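What follows is a single structure, written as structure tokens, with notes after it.
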Amino acid sequence: MSSELQRIAERDEGHKAWGLWGSYLSDRQWGTVREDYSADGNAWTSFPHDQARSRAYRWGEDGLLGISDSHGRICFGIALWNGNDPILKERPFGLGNGEGNHGEDLKDYFYHLLNTPTHSFMRGLYKYPQAEFPYKHLIQENASRSRQQPEYELLDTGIFSENNYFDVFVDYAKASSTDILIRIKDINRGPDTATLKLIPSLWLRNEWDWGYRENWRKRKSIQCNETGVNTDDIHELGSYYLTCDQLGEWIFTENETNTQLLYGKLNC
């Protein structure tokens with residue numbers, strides 16, 4: 001019996017929770033019916049991509065080539081910055097249903113390359129341009145096209161000409177059902193030296209802002225320790241640790257809605 005078949009048997013027989021962690025983190029959560037609180041039921045206009053970095057989600061999370069536990073309570077993904085974009089690349093960009101000439105349409109190039117049945121090994125690839133990502137141009141050009149015309153894609157903008165982009169590979173390998181090794185490798189495909197800022201990100205799904213009464217859904221946090229960071233004790237999960245071979249600077253933010261930016265109301 002191969003190692004993976006053994007893991008499958010252990011999972012199916014209930015001996016080990018090999019399915020506890022996997023590639024469950026959504027690539028795209030914003031703008032879907034899961035996050036629609038609008039008066040008219042139009043999810044696409046009530047939650048655009050431009051607000052995703054400033055709003056706490058209710059029903060899930062999203063990220064770039066990320067993983068989470070099976071209930072999406074603890075999440076890990078990557079954020080990238082090429083020094084030119086106005087925002088971090090934390091999630092794939094796409095057009096809302098009314099913005100694309102053929103409806104909803106993701107524009108980034110990312111690939112889920114490998115994944116075993118128990119998620120004991122996972123590999124993803126994201127192709128990140130070195131020039132500024134053309135968010136507004138993609139929206140404007142697609143809006144000007146009719147249904148009879150082809151969709152205007154990221155490749156059509158010429159941003160990948162002369163291979164001026166990074167290949168960013170993310171591998172996940174499990175030593176046990178709760179011990180996961182993460183390897184991130186970036187390759188400059190262009191002819192010249194280019195800057196890439198890489199921010200591995202660990203966060204907790206916001207379960208404390210939606211009126212839940214159970215004690216285990218009280219606000220949780222992540223703290224520094226001697227070798228990395230650790231989470232509070234999470235219901236049915238316990239506390240998890242993220243450690244690094246080479247420690248850098250830790251940056252902490254709140255998974256909260258920026259009400260002042262979006263709605264003109266003071267942040268609590």
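Ligands are numbered from 1 in the order shown, residues from 1 within each chain, and chains are lettered A, B, ... in the order they appear in the structure tokens.
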With only C-alpha atoms counted and 12 Å as the cut-off, give the residues of segment 179-236 of chain A in contact with segment 7-29 of chain A, each with its shortest interatomic distance in Å and the pair that gives it, as a tab-separated table.
```
residue	atom	partner	partner_atom	distance
A:Asp179	CA	A:Trp21	CA	9.5
A:Ile180	CA	A:Trp21	CA	8.8
A:Trp203	CA	A:Leu25	CA	11.7
A:Arg205	CA	A:Leu25	CA	10.8
A:Glu236	CA	A:Leu20	CA	10.9
```
Using DSSP on the backbone coordinates, identify all residues within segment 31-208 of chain A classified as helix (DSSP H, G or I); present the result as a PDB file with C-alpha atoms, in the first residue's frame.
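Saved result, out36.pdb, follows:
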```pdb
ATOM      1  CA  VAL A  33     -24.453  35.662  -3.435  1.00  0.00           C
ATOM      2  CA  ARG A  34     -22.815  34.407  -0.237  1.00  0.00           C
ATOM      3  CA  GLU A  35     -21.830  37.962   0.631  1.00  0.00           C
ATOM      4  CA  ALA A  43     -24.493  40.980  -5.174  1.00  0.00           C
ATOM      5  CA  TRP A  44     -22.173  42.198  -7.905  1.00  0.00           C
ATOM      6  CA  THR A  45     -22.618  45.916  -7.294  1.00  0.00           C
ATOM      7  CA  SER A  46     -23.056  45.723  -3.528  1.00  0.00           C
ATOM      8  CA  HIS A  49     -13.563  43.692  -5.773  1.00  0.00           C
ATOM      9  CA  ASP A  50     -12.372  47.166  -4.812  1.00  0.00           C
ATOM     10  CA  GLN A  51     -14.057  46.791  -1.399  1.00  0.00           C
ATOM     11  CA  ALA A  52     -12.790  43.275  -0.682  1.00  0.00           C
ATOM     12  CA  TYR A 135      -7.392  46.887 -12.964  1.00  0.00           C
ATOM     13  CA  LYS A 136      -9.196  49.929 -14.397  1.00  0.00           C
ATOM     14  CA  HIS A 137      -8.144  49.234 -17.976  1.00  0.00           C
ATOM     15  CA  LEU A 138      -9.591  45.710 -17.867  1.00  0.00           C
ATOM     16  CA  ILE A 139     -12.914  47.036 -16.577  1.00  0.00           C
ATOM     17  CA  GLN A 140     -13.093  49.888 -19.081  1.00  0.00           C
ATOM     18  CA  GLU A 141     -12.134  47.828 -22.143  1.00  0.00           C
ATOM     19  CA  ASN A 142     -14.525  44.982 -21.373  1.00  0.00           C
ATOM     20  CA  ALA A 143     -17.332  47.454 -20.698  1.00  0.00           C
ATOM     21  CA  LEU A 154      -4.960  40.190 -19.087  1.00  0.00           C
ATOM     22  CA  LEU A 155      -2.691  38.736 -21.779  1.00  0.00           C
ATOM     23  CA  ASP A 156      -4.214  41.122 -24.328  1.00  0.00           C
ATOM     24  CA  THR A 157      -2.917  44.127 -22.371  1.00  0.00           C
ATOM     25  CA  SER A 161       5.480  40.915 -23.058  1.00  0.00           C
ATOM     26  CA  GLU A 162       9.178  40.018 -22.863  1.00  0.00           C
ATOM     27  CA  ASN A 163       8.298  37.707 -19.963  1.00  0.00           C
TER      28      ASN A 163
END
```
Test item, strand (DSSP E) assignment across segment 87-247 of chain A, answer as a PyMOL selection string: chain A and resi 94-95+105-106+109-115+121-129+165-174+180-188+197-204+222-224+228-231+241-243
Pick from A:Thr253, A:Gln6, A:Ser221, A:Ser146, whichever lies nearest to Ser120 of chain A using only C-alpha atoms: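 Between A:Thr253, A:Gln6, A:Ser221, A:Ser146, the residue approaching Ser120 of chain A most closely is A:Gln6.
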Proximity of segment 55-92 of chain A to segment 121-124 of chain A: per-residue shortest pair, 12 Å limit, only C-alpha atoms, as a tab-separated table:
```
residue	atom	partner	partner_atom	distance
A:Leu64	CA	A:Gly124	CA	9.2
A:Leu65	CA	A:Gly124	CA	5.9
A:Gly66	CA	A:Gly124	CA	8.7
A:Ile67	CA	A:Met122	CA	9.4
A:Gly77	CA	A:Gly124	CA	11.1
A:Ile78	CA	A:Gly124	CA	11.2
```
Nearby residues (only C-alpha atoms) at most 12 Å from Ile159 of chain A, same-chain spacing under 4 positions excluded, as a VMD selection string: chain A and resid 108 127 to 135 137 to 138 153 to 155 163 to 166 190
Counting only C-alpha atoms, the option among A:Asp233, A:Glu207, A:Glu226, A:Asp167 closest to Leu247 of chain A: A:Glu226
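Candidate residues A:Lys218, A:Cys244, A:Asn115, A:Leu198 were compared for distance to Asp232 of chain A, and the nearest is A:Lys218, using only C-alpha atoms.
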A:His119, A:Gly94, A:Phe252, A:Leu113 ranked by distance to Ala175 of chain A, top pick (using only C-alpha atoms): A:His119
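Relative to atom CA of Thr259 of chain A, atom CA of Asp40 of chain A is found at 21.0 Å.
Nearest-residue note for Phe76 of chain A: choosing from A:Ser201, A:Asn188, A:Thr243, A:Gln148, the minimum distance belongs to A:Ser201, counting only C-alpha atoms.
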Using only C-alpha atoms: which of A:Thr32, A:Ser176, A:Phe169, A:Arg219 has the shortest distance to Asn97 of chain A: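 So, comparing all the options, the nearest one is A:Thr32.
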